[in-house]
>>> print(open('coords_36.json').read())   # JSON, C-alpha atoms
[["chain", "number", "residue", "atom", "x", "y", "z"],
["A", 9, "MET", "CA", -1.24, 6.51, -10.91],
["A", 10, "ASN", "CA", -2.33, 4.29, -13.80],
["A", 11, "SER", "CA", -3.19, 0.71, -14.70],
["A", 12, "THR", "CA", 0.50, -0.28, -14.46],
["A", 13, "ILE", "CA", 1.53, 1.23, -11.13],
["A", 14, "ALA", "CA", -2.00, 1.38, -9.60],
["A", 15, "THR", "CA", -2.99, 4.01, -7.01],
["A", 16, "GLY", "CA", -0.72, 3.29, -4.04],
["A", 17, "HIS", "CA", 1.80, 6.10, -4.56],
["A", 18, "VAL", "CA", -0.89, 8.77, -4.82],
["A", 19, "MET", "CA", -2.93, 7.41, -1.91],
["A", 20, "ARG", "CA", -0.05, 7.36, 0.56],
["A", 21, "CYS", "CA", 1.04, 10.85, -0.51],
["A", 22, "LEU", "CA", -2.54, 12.03, -0.01],
["A", 23, "SER", "CA", -2.45, 10.71, 3.56],
["A", 24, "ILE", "CA", 0.71, 12.71, 4.26],
["A", 25, "ALA", "CA", -0.70, 15.78, 2.51],
["A", 26, "GLN", "CA", -3.81, 15.65, 4.68],
["A", 27, "GLU", "CA", -1.72, 15.60, 7.84],
["A", 28, "LEU", "CA", 0.32, 18.55, 6.57],
["A", 29, "GLN", "CA", -2.86, 20.42, 5.79],
["A", 30, "ASN", "CA", -4.02, 19.72, 9.35],
["A", 31, "GLN", "CA", -0.86, 21.56, 10.43],
["A", 32, "LYS", "CA", -1.93, 24.57, 8.32],
["A", 33, "GLU", "CA", 0.73, 23.90, 5.69],
["A", 34, "ASP", "CA", 0.13, 24.61, 1.99],
["A", 35, "VAL", "CA", 0.52, 21.46, -0.13],
["A", 36, "ILE", "CA", 0.63, 21.05, -3.90],
["A", 37, "PHE", "CA", 1.04, 17.91, -6.02],
["A", 38, "PHE", "CA", 3.25, 17.63, -9.10],
["A", 39, "LEU", "CA", 1.91, 14.94, -11.46],
["A", 40, "ALA", "CA", 3.48, 13.39, -14.54],
["A", 41, "ASP", "CA", 0.04, 13.18, -16.16],
["A", 42, "GLY", "CA", -3.55, 13.99, -15.28],
["A", 43, "GLN", "CA", -4.83, 10.58, -14.22],
["A", 44, "ALA", "CA", -4.85, 11.52, -10.52],
["A", 45, "ALA", "CA", -6.33, 14.98, -11.11],
["A", 46, "GLY", "CA", -9.94, 14.01, -10.34],
["A", 47, "LEU", "CA", -8.94, 12.28, -7.11],
["A", 48, "LEU", "CA", -6.94, 15.30, -5.94],
["A", 49, "GLU", "CA", -9.77, 17.67, -6.84],
["A", 50, "SER", "CA", -12.21, 15.58, -4.80],
["A", 51, "ARG", "CA", -9.85, 15.90, -1.81],
["A", 52, "GLY", "CA", -9.35, 19.62, -2.32],
["A", 53, "PHE", "CA", -5.64, 19.61, -3.19],
["A", 54, "PRO", "CA", -4.11, 21.78, -5.94],
["A", 55, "TYR", "CA", -1.82, 20.18, -8.49],
["A", 56, "VAL", "CA", 0.36, 20.84, -11.53],
["A", 57, "VAL", "CA", 0.36, 18.39, -14.46],
["A", 58, "LEU", "CA", 3.87, 18.24, -15.92],
["A", 59, "ASP", "CA", 2.89, 16.32, -19.10],
["A", 60, "SER", "CA", 5.95, 14.12, -18.66],
["A", 61, "LYS", "CA", 6.71, 10.38, -18.50],
["A", 62, "TRP", "CA", 6.10, 8.75, -15.13],
["A", 63, "ASP", "CA", 8.82, 6.17, -15.84],
["A", 64, "ASP", "CA", 11.48, 8.59, -17.16],
["A", 65, "LEU", "CA", 11.72, 11.35, -14.59],
["A", 66, "GLU", "CA", 14.72, 13.25, -15.89],
["A", 67, "ILE", "CA", 12.64, 14.40, -18.86],
["A", 68, "GLU", "CA", 10.43, 16.42, -16.53],
["A", 69, "LEU", "CA", 13.23, 18.27, -14.73],
["A", 70, "PRO", "CA", 13.05, 21.58, -16.67],
["A", 71, "VAL", "CA", 9.29, 21.98, -16.27],
["A", 72, "LEU", "CA", 9.29, 20.65, -12.69],
["A", 73, "LYS", "CA", 12.07, 23.02, -11.62],
["A", 74, "ALA", "CA", 10.23, 25.94, -13.24],
["A", 75, "ALA", "CA", 7.01, 24.99, -11.43],
["A", 76, "MET", "CA", 8.83, 24.66, -8.10],
["A", 77, "LYS", "CA", 10.33, 28.11, -8.55],
["A", 78, "GLN", "CA", 6.99, 29.63, -9.50],
["A", 79, "LYS", "CA", 5.18, 28.03, -6.55],
["A", 80, "GLY", "CA", 7.95, 28.83, -4.07],
["A", 81, "ILE", "CA", 8.49, 25.23, -3.02],
["A", 82, "SER", "CA", 10.76, 24.87, 0.02],
["A", 83, "LYS", "CA", 10.27, 21.16, 0.67],
["A", 84, "LEU", "CA", 9.59, 18.35, -1.75],
["A", 85, "LEU", "CA", 8.48, 14.77, -1.04],
["A", 86, "VAL", "CA", 9.31, 12.39, -3.89],
["A", 87, "ASP", "CA", 7.56, 9.03, -4.29],
["A", 88, "SER", "CA", 8.64, 7.07, -7.38],
["A", 89, "TYR", "CA", 10.79, 4.06, -8.18],
["A", 90, "TYR", "CA", 12.15, 5.84, -11.26],
["A", 91, "VAL", "CA", 14.33, 8.44, -9.56],
["A", 92, "THR", "CA", 17.97, 8.85, -10.59],
["A", 93, "GLU", "CA", 20.88, 10.35, -8.70],
["A", 94, "SER", "CA", 20.95, 13.33, -11.08],
["A", 95, "TYR", "CA", 17.19, 13.89, -10.69],
["A", 96, "LEU", "CA", 17.35, 13.99, -6.89],
["A", 97, "ARG", "CA", 20.53, 16.05, -6.81],
["A", 98, "GLN", "CA", 19.11, 18.75, -9.09],
["A", 99, "LEU", "CA", 15.90, 18.97, -7.05],
["A", 100, "GLY", "CA", 17.94, 19.08, -3.85],
["A", 101, "SER", "CA", 19.67, 22.22, -5.06],
["A", 102, "MET", "CA", 16.29, 23.98, -5.08],
["A", 103, "ALA", "CA", 14.48, 22.56, -2.04],
["A", 104, "GLU", "CA", 14.81, 20.21, 0.90],
["A", 105, "VAL", "CA", 14.05, 16.79, -0.58],
["A", 106, "ALA", "CA", 12.58, 13.79, 1.25],
["A", 107, "TYR", "CA", 12.32, 10.45, -0.54],
["A", 108, "LEU", "CA", 9.96, 7.54, 0.15],
["A", 109, "ASP", "CA", 11.94, 4.36, -0.53],
["A", 110, "ASP", "CA", 12.04, 0.62, 0.10],
["A", 111, "LEU", "CA", 14.90, -0.50, -2.16],
["A", 112, "ASN", "CA", 18.11, 1.41, -1.31],
["A", 113, "ALA", "CA", 18.94, 1.03, -5.02],
["A", 114, "PHE", "CA", 21.78, 3.58, -4.88],
["A", 115, "ASP", "CA", 23.07, 6.40, -2.67],
["A", 116, "TYR", "CA", 20.19, 8.87, -2.72],
["A", 117, "PRO", "CA", 21.40, 12.51, -2.46],
["A", 118, "VAL", "CA", 18.47, 13.66, -0.32],
["A", 119, "HIS", "CA", 17.95, 15.44, 2.98],
["A", 120, "SER", "CA", 15.59, 12.81, 4.43],
["A", 121, "LEU", "CA", 14.91, 9.14, 3.71],
["A", 122, "ILE", "CA", 11.64, 7.50, 4.71],
["A", 123, "CYS", "CA", 11.29, 3.71, 4.59],
["A", 124, "TYR", "CA", 8.23, 2.19, 6.25],
["A", 125, "ALA", "CA", 9.00, -1.36, 5.02],
["A", 126, "ASN", "CA", 9.07, -4.09, 7.65],
["A", 127, "TYR", "CA", 12.44, -5.21, 6.22],
["A", 128, "TRP", "CA", 14.08, -1.76, 6.53],
["A", 129, "GLU", "CA", 16.92, -3.08, 8.69],
["A", 130, "ASP", "CA", 18.01, -5.44, 5.91],
["A", 131, "LEU", "CA", 18.62, -2.43, 3.63],
["A", 132, "LYS", "CA", 21.36, -1.09, 5.96],
["A", 133, "TYR", "CA", 20.84, 2.55, 4.99],
["A", 134, "GLN", "CA", 23.08, 4.07, 7.66],
["A", 135, "ARG", "CA", 26.10, 2.33, 6.18],
["A", 136, "TYR", "CA", 26.01, 4.66, 3.17],
["A", 137, "TYR", "CA", 24.70, 8.00, 4.40],
["A", 138, "GLU", "CA", 26.41, 10.59, 6.58],
["A", 139, "TYR", "CA", 24.20, 13.70, 6.54],
["A", 140, "THR", "CA", 20.77, 12.27, 5.70],
["A", 141, "ARG", "CA", 17.97, 12.05, 8.28],
["A", 142, "PHE", "CA", 16.28, 8.66, 8.59],
["A", 143, "TYR", "CA", 12.67, 7.77, 9.39],
["A", 144, "MET", "CA", 12.50, 3.99, 9.39],
["A", 145, "GLY", "CA", 10.07, 1.18, 10.06],
["A", 146, "PRO", "CA", 6.33, 0.40, 9.84],
["A", 147, "SER", "CA", 5.50, 3.11, 12.38],
["A", 148, "TYR", "CA", 5.98, 5.47, 9.39],
["A", 149, "ALA", "CA", 3.55, 3.60, 7.10],
["A", 150, "PRO", "CA", 1.48, 6.55, 5.75],
["A", 151, "MET", "CA", -2.15, 5.50, 6.12],
["A", 152, "ARG", "CA", -5.28, 7.63, 6.06],
["A", 153, "SER", "CA", -6.24, 9.14, 9.41],
["A", 154, "ALA", "CA", -9.13, 6.66, 9.76],
["A", 155, "PHE", "CA", -6.58, 3.95, 10.59],
["A", 156, "LYS", "CA", -5.51, 5.81, 13.73],
["A", 157, "HIS", "CA", -8.73, 4.78, 15.42],
["A", 158, "CYS", "CA", -8.79, 1.01, 14.88],
["A", 159, "LYS", "CA", -9.80, -0.96, 17.96],
["A", 160, "LYS", "CA", -8.32, -4.29, 18.98],
["A", 161, "HIS", "CA", -9.55, -6.82, 16.43],
["A", 162, "LYS", "CA", -12.15, -9.34, 17.61],
["A", 163, "ILE", "CA", -11.12, -12.91, 16.79],
["A", 164, "LYS", "CA", -14.15, -15.20, 16.44],
["A", 165, "PRO", "CA", -14.03, -18.96, 17.11],
["A", 166, "VAL", "CA", -14.93, -19.57, 13.44],
["A", 167, "ALA", "CA", -14.29, -17.08, 10.63],
["A", 168, "GLU", "CA", -17.56, -15.96, 9.04],
["A", 169, "ARG", "CA", -16.54, -12.93, 6.93],
["A", 170, "LEU", "CA", -13.88, -13.04, 4.24],
["A", 171, "LEU", "CA", -12.33, -9.99, 2.58],
["A", 172, "MET", "CA", -10.56, -10.16, -0.78],
["A", 173, "LEU", "CA", -8.35, -7.26, -1.85],
["A", 174, "SER", "CA", -6.85, -7.06, -5.33],
["A", 175, "GLY", "CA", -4.88, -3.83, -5.05],
["A", 176, "GLY", "CA", -5.08, -1.61, -8.13],
["A", 177, "THR", "CA", -5.71, -4.44, -10.58],
["A", 178, "ASP", "CA", -5.90, -8.24, -10.40],
["A", 179, "ARG", "CA", -3.91, -8.80, -13.58],
["A", 180, "TYR", "CA", -3.29, -12.50, -12.85],
["A", 181, "ASP", "CA", -6.95, -13.35, -12.12],
["A", 182, "VAL", "CA", -6.22, -14.57, -8.60],
["A", 183, "TYR", "CA", -9.66, -13.75, -7.24],
["A", 184, "GLU", "CA", -11.52, -15.29, -10.14],
["A", 185, "GLN", "CA", -9.58, -18.53, -9.56],
["A", 186, "LEU", "CA", -10.01, -18.35, -5.80],
["A", 187, "LEU", "CA", -13.76, -17.72, -5.85],
["A", 188, "SER", "CA", -14.25, -20.73, -8.09],
["A", 189, "ARG", "CA", -12.16, -22.89, -5.75],
["A", 190, "ILE", "CA", -13.39, -22.11, -2.22],
["A", 191, "ASP", "CA", -16.70, -23.25, -0.70],
["A", 192, "LEU", "CA", -18.64, -19.98, -0.75],
["A", 193, "SER", "CA", -21.34, -21.37, 1.53],
["A", 194, "GLN", "CA", -18.88, -21.55, 4.44],
["A", 195, "TYR", "CA", -18.98, -17.77, 4.81],
["A", 196, "LYS", "CA", -21.85, -15.51, 5.82],
["A", 197, "ARG", "CA", -20.31, -12.76, 3.71],
["A", 198, "ILE", "CA", -17.47, -12.41, 1.21],
["A", 199, "ASP", "CA", -16.49, -8.87, 0.24],
["A", 200, "VAL", "CA", -14.50, -8.69, -3.00],
["A", 201, "ILE", "CA", -12.81, -5.31, -3.42],
["A", 202, "CYS", "CA", -11.70, -4.62, -6.98],
["A", 203, "GLY", "CA", -9.23, -1.84, -7.68],
["A", 204, "MET", "CA", -9.90, 1.27, -9.74],
["A", 205, "TYR", "CA", -8.20, -0.27, -12.78],
["A", 206, "ASP", "CA", -9.54, -3.82, -12.44],
["A", 207, "LYS", "CA", -11.13, -4.73, -15.79],
["A", 208, "LYS", "CA", -12.73, -7.88, -14.34],
["A", 209, "TYR", "CA", -14.98, -6.00, -11.92],
["A", 210, "GLU", "CA", -18.17, -6.18, -14.02],
["A", 211, "MET", "CA", -17.55, -9.79, -14.99],
["A", 212, "ILE", "CA", -17.04, -10.98, -11.41],
["A", 213, "LYS", "CA", -20.02, -8.98, -10.20],
["A", 214, "HIS", "CA", -22.22, -10.55, -12.89],
["A", 215, "ARG", "CA", -20.92, -14.08, -12.35],
["A", 216, "TYR", "CA", -21.71, -14.05, -8.61],
["A", 217, "ARG", "CA", -24.89, -12.00, -8.73],
["A", 218, "GLU", "CA", -26.99, -14.93, -7.50],
["A", 219, "HIS", "CA", -24.77, -15.53, -4.46],
["A", 220, "ALA", "CA", -26.28, -13.25, -1.84],
["A", 221, "ASN", "CA", -23.26, -13.60, 0.45],
["A", 222, "VAL", "CA", -20.76, -12.48, -2.25],
["A", 223, "VAL", "CA", -20.61, -8.69, -2.56],
["A", 224, "VAL", "CA", -18.34, -7.18, -5.22],
["A", 225, "HIS", "CA", -17.16, -3.57, -4.84],
["A", 226, "GLN", "CA", -14.83, -1.30, -6.78],
["A", 227, "ALA", "CA", -12.37, 1.27, -5.35],
["A", 228, "VAL", "CA", -14.10, 1.78, -2.01],
["A", 229, "GLU", "CA", -13.28, 4.90, 0.01],
["A", 230, "ASP", "CA", -13.62, 3.39, 3.50],
["A", 231, "ILE", "CA", -11.60, 0.20, 3.18],
["A", 232, "GLU", "CA", -10.78, 0.23, 6.91],
["A", 233, "LYS", "CA", -14.43, -0.61, 7.70],
["A", 234, "TYR", "CA", -14.27, -3.76, 5.60],
["A", 235, "MET", "CA", -10.95, -4.74, 7.16],
["A", 236, "GLN", "CA", -12.24, -4.30, 10.69],
["A", 237, "ALA", "CA", -15.41, -6.27, 9.92],
["A", 238, "ALA", "CA", -13.57, -9.17, 8.25],
["A", 239, "ASP", "CA", -12.52, -12.32, 10.11],
["A", 240, "MET", "CA", -9.91, -13.15, 7.45],
["A", 241, "ALA", "CA", -8.48, -11.35, 4.44],
["A", 242, "VAL", "CA", -6.64, -12.23, 1.25],
["A", 243, "SER", "CA", -4.43, -9.49, -0.15],
["A", 244, "ALA", "CA", -1.73, -8.73, -2.67],
["A", 245, "GLY", "CA", 1.58, -7.88, -1.06],
["A", 246, "GLY", "CA", 1.66, -4.09, -1.26],
["A", 247, "PHE", "CA", 0.81, -1.29, 1.14],
["A", 248, "THR", "CA", -2.53, -2.93, 1.96],
["A", 249, "LEU", "CA", -0.73, -5.36, 4.26],
["A", 250, "TYR", "CA", 0.22, -2.49, 6.58],
["A", 251, "GLU", "CA", -3.39, -1.32, 6.64],
["A", 252, "LEU", "CA", -4.45, -4.85, 7.58],
["A", 253, "CYS", "CA", -1.87, -4.69, 10.37],
["A", 254, "ALA", "CA", -3.38, -1.49, 11.74],
["A", 255, "CYS", "CA", -6.76, -3.26, 11.78],
["A", 256, "GLY", "CA", -5.34, -6.52, 13.16],
["A", 257, "THR", "CA", -7.11, -8.57, 10.47],
["A", 258, "PRO", "CA", -5.77, -12.13, 10.01],
["A", 259, "ALA", "CA", -4.57, -12.42, 6.42],
["A", 260, "VAL", "CA", -2.98, -14.47, 3.66],
["A", 261, "SER", "CA", -0.85, -12.66, 1.10],
["A", 262, "PHE", "CA", 0.51, -13.25, -2.39],
["A", 263, "SER", "CA", 2.86, -11.21, -4.56],
["A", 264, "LEU", "CA", 2.35, -9.65, -7.98],
["A", 265, "ALA", "CA", 5.68, -7.89, -8.55],
["A", 266, "ASP", "CA", 9.33, -8.01, -7.54],
["A", 267, "ASN", "CA", 9.02, -5.00, -5.25],
["A", 268, "GLN", "CA", 6.52, -6.91, -3.07],
["A", 269, "LEU", "CA", 8.71, -9.94, -2.43],
["A", 270, "CYS", "CA", 10.75, -8.65, 0.53],
["A", 271, "ASN", "CA", 7.55, -7.38, 2.11],
["A", 272, "VAL", "CA", 5.55, -10.61, 1.97],
["A", 273, "ARG", "CA", 8.51, -12.80, 2.91],
["A", 274, "LYS", "CA", 9.26, -10.70, 6.00],
["A", 275, "PHE", "CA", 5.63, -10.82, 7.17],
["A", 276, "HIS", "CA", 5.71, -14.59, 6.64],
["A", 277, "ALA", "CA", 9.03, -15.02, 8.49],
["A", 278, "ASP", "CA", 7.69, -12.96, 11.40],
["A", 279, "GLN", "CA", 4.61, -15.24, 11.52],
["A", 280, "MET", "CA", 2.19, -12.37, 11.00],
["A", 281, "ILE", "CA", 0.82, -12.93, 7.49],
["A", 282, "GLU", "CA", 1.15, -16.25, 5.66],
["A", 283, "TYR", "CA", 2.57, -15.98, 2.15],
["A", 284, "ALA", "CA", 0.93, -18.09, -0.58],
["A", 285, "GLY", "CA", 3.43, -17.44, -3.39],
["A", 286, "ASP", "CA", 3.99, -15.33, -6.49],
["A", 287, "ALA", "CA", 0.94, -15.06, -8.76],
["A", 288, "ARG", "CA", 3.20, -14.70, -11.79],
["A", 289, "PHE", "CA", 4.65, -18.20, -11.36],
["A", 290, "ASP", "CA", 2.86, -20.14, -8.61],
["A", 291, "PRO", "CA", -0.63, -21.70, -8.26],
["A", 292, "VAL", "CA", -1.48, -19.20, -5.52],
["A", 293, "ALA", "CA", -5.25, -19.73, -5.60],
["A", 294, "GLU", "CA", -4.70, -23.34, -4.60],
["A", 295, "LYS", "CA", -2.39, -22.36, -1.73],
["A", 296, "ILE", "CA", -4.65, -19.52, -0.54],
["A", 297, "SER", "CA", -7.65, -21.84, -0.54],
["A", 298, "ALA", "CA", -5.74, -24.34, 1.62],
["A", 299, "CYS", "CA", -4.69, -21.57, 4.03],
["A", 300, "LEU", "CA", -8.25, -20.28, 4.37],
["A", 301, "GLU", "CA", -9.55, -23.77, 5.05],
["A", 302, "LYS", "CA", -6.80, -24.29, 7.62],
["A", 303, "TYR", "CA", -7.38, -21.02, 9.46],
["A", 304, "ARG", "CA", -11.17, -20.70, 9.22],
["A", 305, "CYS", "CA", -11.80, -22.84, 12.29],
["A", 306, "ASP", "CA", -8.41, -22.33, 13.96],
["A", 307, "TYR", "CA", -8.95, -19.57, 16.51],
["A", 308, "LYS", "CA", -5.46, -19.92, 17.96],
["A", 309, "GLU", "CA", -3.72, -19.44, 14.61],
["A", 310, "ARG", "CA", -5.83, -16.41, 13.67],
["A", 311, "ARG", "CA", -5.17, -14.90, 17.08],
["A", 312, "ARG", "CA", -1.52, -14.48, 16.06],
["A", 313, "SER", "CA", -2.70, -11.48, 14.07],
["A", 314, "LEU", "CA", -3.05, -9.45, 17.25],
["A", 315, "LYS", "CA", 0.67, -8.69, 17.12],
["A", 316, "MET", "CA", 0.08, -7.11, 13.69],
["A", 317, "GLN", "CA", -1.44, -4.11, 15.45],
["A", 318, "GLN", "CA", 1.75, -3.67, 17.45],
["A", 319, "LEU", "CA", 3.70, -3.24, 14.20],
["A", 320, "ALA", "CA", 1.68, -0.40, 12.64],
["A", 321, "ASP", "CA", -0.68, 1.89, 14.53],
["A", 322, "GLY", "CA", -2.03, 4.02, 11.67],
["A", 323, "ARG", "CA", -0.10, 7.17, 12.66],
["A", 324, "GLY", "CA", 2.66, 6.93, 10.06],
["A", 325, "ALA", "CA", 1.41, 9.82, 7.90],
["A", 326, "GLU", "CA", 1.22, 12.03, 10.98],
["A", 327, "ARG", "CA", 4.83, 11.13, 11.89],
["A", 328, "ILE", "CA", 6.07, 11.81, 8.37],
["A", 329, "ALA", "CA", 4.30, 15.18, 8.32],
["A", 330, "LYS", "CA", 6.00, 16.14, 11.59],
["A", 331, "ALA", "CA", 9.35, 14.97, 10.20],
["A", 332, "LEU", "CA", 8.93, 17.07, 7.06],
["A", 333, "LEU", "CA", 8.13, 20.11, 9.20]]
>>> encode(input="coords_36.json", output="structure tokens")
Amino acid sequence: MNSTIATGHVMRCLSIAQELQNQKEDVIFFLADGQAAGLLESRGFPYVVLDSKWDDLEIELPVLKAAMKQKGISKLLVDSYYVTESYLRQLGSMAEVAYLDDLNAFDYPVHSLICYANYWEDLKYQRYYEYTRFYMGPSYAPMRSAFKHCKKHKIKPVAERLLMLSGGTDRYDVYEQLLSRIDLSQYKRIDVICGMYDKKYEMIKHRYREHANVVVHQAVEDIEKYMQAADMAVSAGGFTLYELCACGTPAVSFSLADNQLCNVRKFHADQMIEYAGDARFDPVAEKISACLEKYRCDYKERRRSLKMQQLADGRGAERIAKALL
């Protein structure tokens, strides 16, 4: 994890690791660099820092293979967009390899493929693989165990609490633009959650310090509590959308990267989460503001979110752990 790729990969792997640990399995993390070390230590998981490049995985193969041999690794879960066929094949000769994917970029030589994306059927995995096991769909979205216990979301006649989620970093200043555009007085509370790598956290907190209903946080541990308390949410188009589904929180999304586009468009097409555009090219703050104004007093429209909870129930990490075992 870092300021470029944010924290999502590590967080979802942590959720799976916790479920494996609950099954009395030994788990160890292999890291390209030490940025996630403190987080893993706080959760009690051992790790090995490979001192390699997170975006050039073949470089790490000699040291990774040596570490796997030393630690007696029998099963390996890989979570990176930078895998190559050679990388996966060499690891597969040493251990049973499972790969978390949402692209189907090439024929992955792995024992198991996990794709929790809502558009998994469009990727047509089975067309290319003969001996690989498949674990497909949002029921495998690997959330923390807290999301298993979300109750049916209460939809109020008028939305009073707004939640804003920037992911790892709000590099296109969406929330700064949005906060300056919406009528803050319409909400009893607005929670702004800045990511671990968001450099604008202090600035936003200072700018809105005199607005008692605007509360700015950074890298909160219990995000599910904010999601369950919110009447509406605004979120970037990554894994957070599945967490919002588990909580049943009505939401508006936007995208920040190419790998989010299929996700947000599918949610929009399924009439679960409205898509406001791509922050790299579109005036998304303007569109989000219009959506919030439209939905704030529209109980019927926000009630559509109840089917979000049917899509993802928060037990994905538990299912993946069982599949790995």
>>> closest_residue(input="coords_36.json", among="A:Ala14, A:Ala75, A:Cys255, A:Ala277", to="Leu319 (chain A)", atoms="all atoms listed in the file")
A:Cys255
>>> residues_around(input="coords_36.json", residues="Glu33 (chain A)", least_positions_apart="6", cutoff="10 Å", atoms="all atoms listed in the file", output="PDB file with C-alpha atoms, keeping the file's coordinate frame")
ATOM      1  CA  ALA A  25      -0.700  15.780   2.510  1.00  0.00           C
ATOM      2  CA  GLN A  26      -3.810  15.650   4.680  1.00  0.00           C
ATOM      3  CA  GLU A  27      -1.720  15.600   7.840  1.00  0.00           C
ATOM      4  CA  ALA A 329       4.300  15.180   8.320  1.00  0.00           C
ATOM      5  CA  LEU A 333       8.130  20.110   9.200  1.00  0.00           C
TER       6      LEU A 333
END
>>> atom_distance(input="coords_36.json", atom1="CA of Arg189 (chain A)", atom2="CA of Ser297 (chain A)")
7.0 Å
>>> residues_around(input="coords_36.json", residues="region 244-247 of chain A", least_positions_apart="6", cutoff="9 Å", atoms="only C-alpha atoms", output="ChimeraX atom specification")
/A:16,20,149,151,173-175,178,260-265,267-269,271-272,283
>>> atom_distance(input="coords_36.json", atom1="CA of Tyr136 (chain A)", atom2="CA of Tyr116 (chain A)")
9.3 Å
>>> build_atoms(input="coords_36.json", residues="region 104-121 of chain A", atoms="N, CA and C atoms", output="CSV table (one decimal), keeping the file's coordinate frame")
chain,number,residue,atom,x,y,z
A,104,GLU,N,14.5,21.3,0.0
A,104,GLU,CA,14.8,20.2,0.9
A,104,GLU,C,14.0,19.0,0.4
A,105,VAL,N,14.7,17.9,0.0
A,105,VAL,CA,14.0,16.8,-0.6
A,105,VAL,C,14.0,15.6,0.4
A,106,ALA,N,12.8,15.0,0.5
A,106,ALA,CA,12.6,13.8,1.2
A,106,ALA,C,12.2,12.7,0.2
A,107,TYR,N,12.6,11.5,0.4
A,107,TYR,CA,12.3,10.4,-0.5
A,107,TYR,C,11.7,9.2,0.2
A,108,LEU,N,10.6,8.8,-0.3
A,108,LEU,CA,10.0,7.5,0.2
A,108,LEU,C,10.6,6.4,-0.6
A,109,ASP,N,11.2,5.4,0.1
A,109,ASP,CA,11.9,4.4,-0.5
A,109,ASP,C,11.7,3.0,0.2
A,110,ASP,N,12.0,1.9,-0.5
A,110,ASP,CA,12.0,0.6,0.1
A,110,ASP,C,13.0,-0.3,-0.6
A,111,LEU,N,14.0,0.3,-1.4
A,111,LEU,CA,14.9,-0.5,-2.2
A,111,LEU,C,16.4,-0.3,-1.8
A,112,ASN,N,16.7,1.0,-1.5
A,112,ASN,CA,18.1,1.4,-1.3
A,112,ASN,C,18.9,1.0,-2.6
A,113,ALA,N,18.4,1.4,-3.7
A,113,ALA,CA,18.9,1.0,-5.0
A,113,ALA,C,20.3,1.7,-5.3
A,114,PHE,N,20.5,2.9,-4.8
A,114,PHE,CA,21.8,3.6,-4.9
A,114,PHE,C,21.8,4.6,-3.8
A,115,ASP,N,22.9,5.4,-3.7
A,115,ASP,CA,23.1,6.4,-2.7
A,115,ASP,C,22.2,7.6,-3.1
A,116,TYR,N,21.1,7.8,-2.4
A,116,TYR,CA,20.2,8.9,-2.7
A,116,TYR,C,20.7,10.2,-2.1
A,117,PRO,N,21.0,11.2,-3.0
A,117,PRO,CA,21.4,12.5,-2.5
A,117,PRO,C,20.2,13.3,-2.0
A,118,VAL,N,19.7,13.0,-0.8
A,118,VAL,CA,18.5,13.7,-0.3
A,118,VAL,C,18.7,14.1,1.1
A,119,HIS,N,17.8,15.0,1.6
A,119,HIS,CA,18.0,15.4,3.0
A,119,HIS,C,17.3,14.4,4.0
A,120,SER,N,16.3,13.8,3.6
A,120,SER,CA,15.6,12.8,4.4
A,120,SER,C,15.2,11.6,3.7
A,121,LEU,N,15.3,10.4,4.3
A,121,LEU,CA,14.9,9.1,3.7
A,121,LEU,C,13.8,8.5,4.6
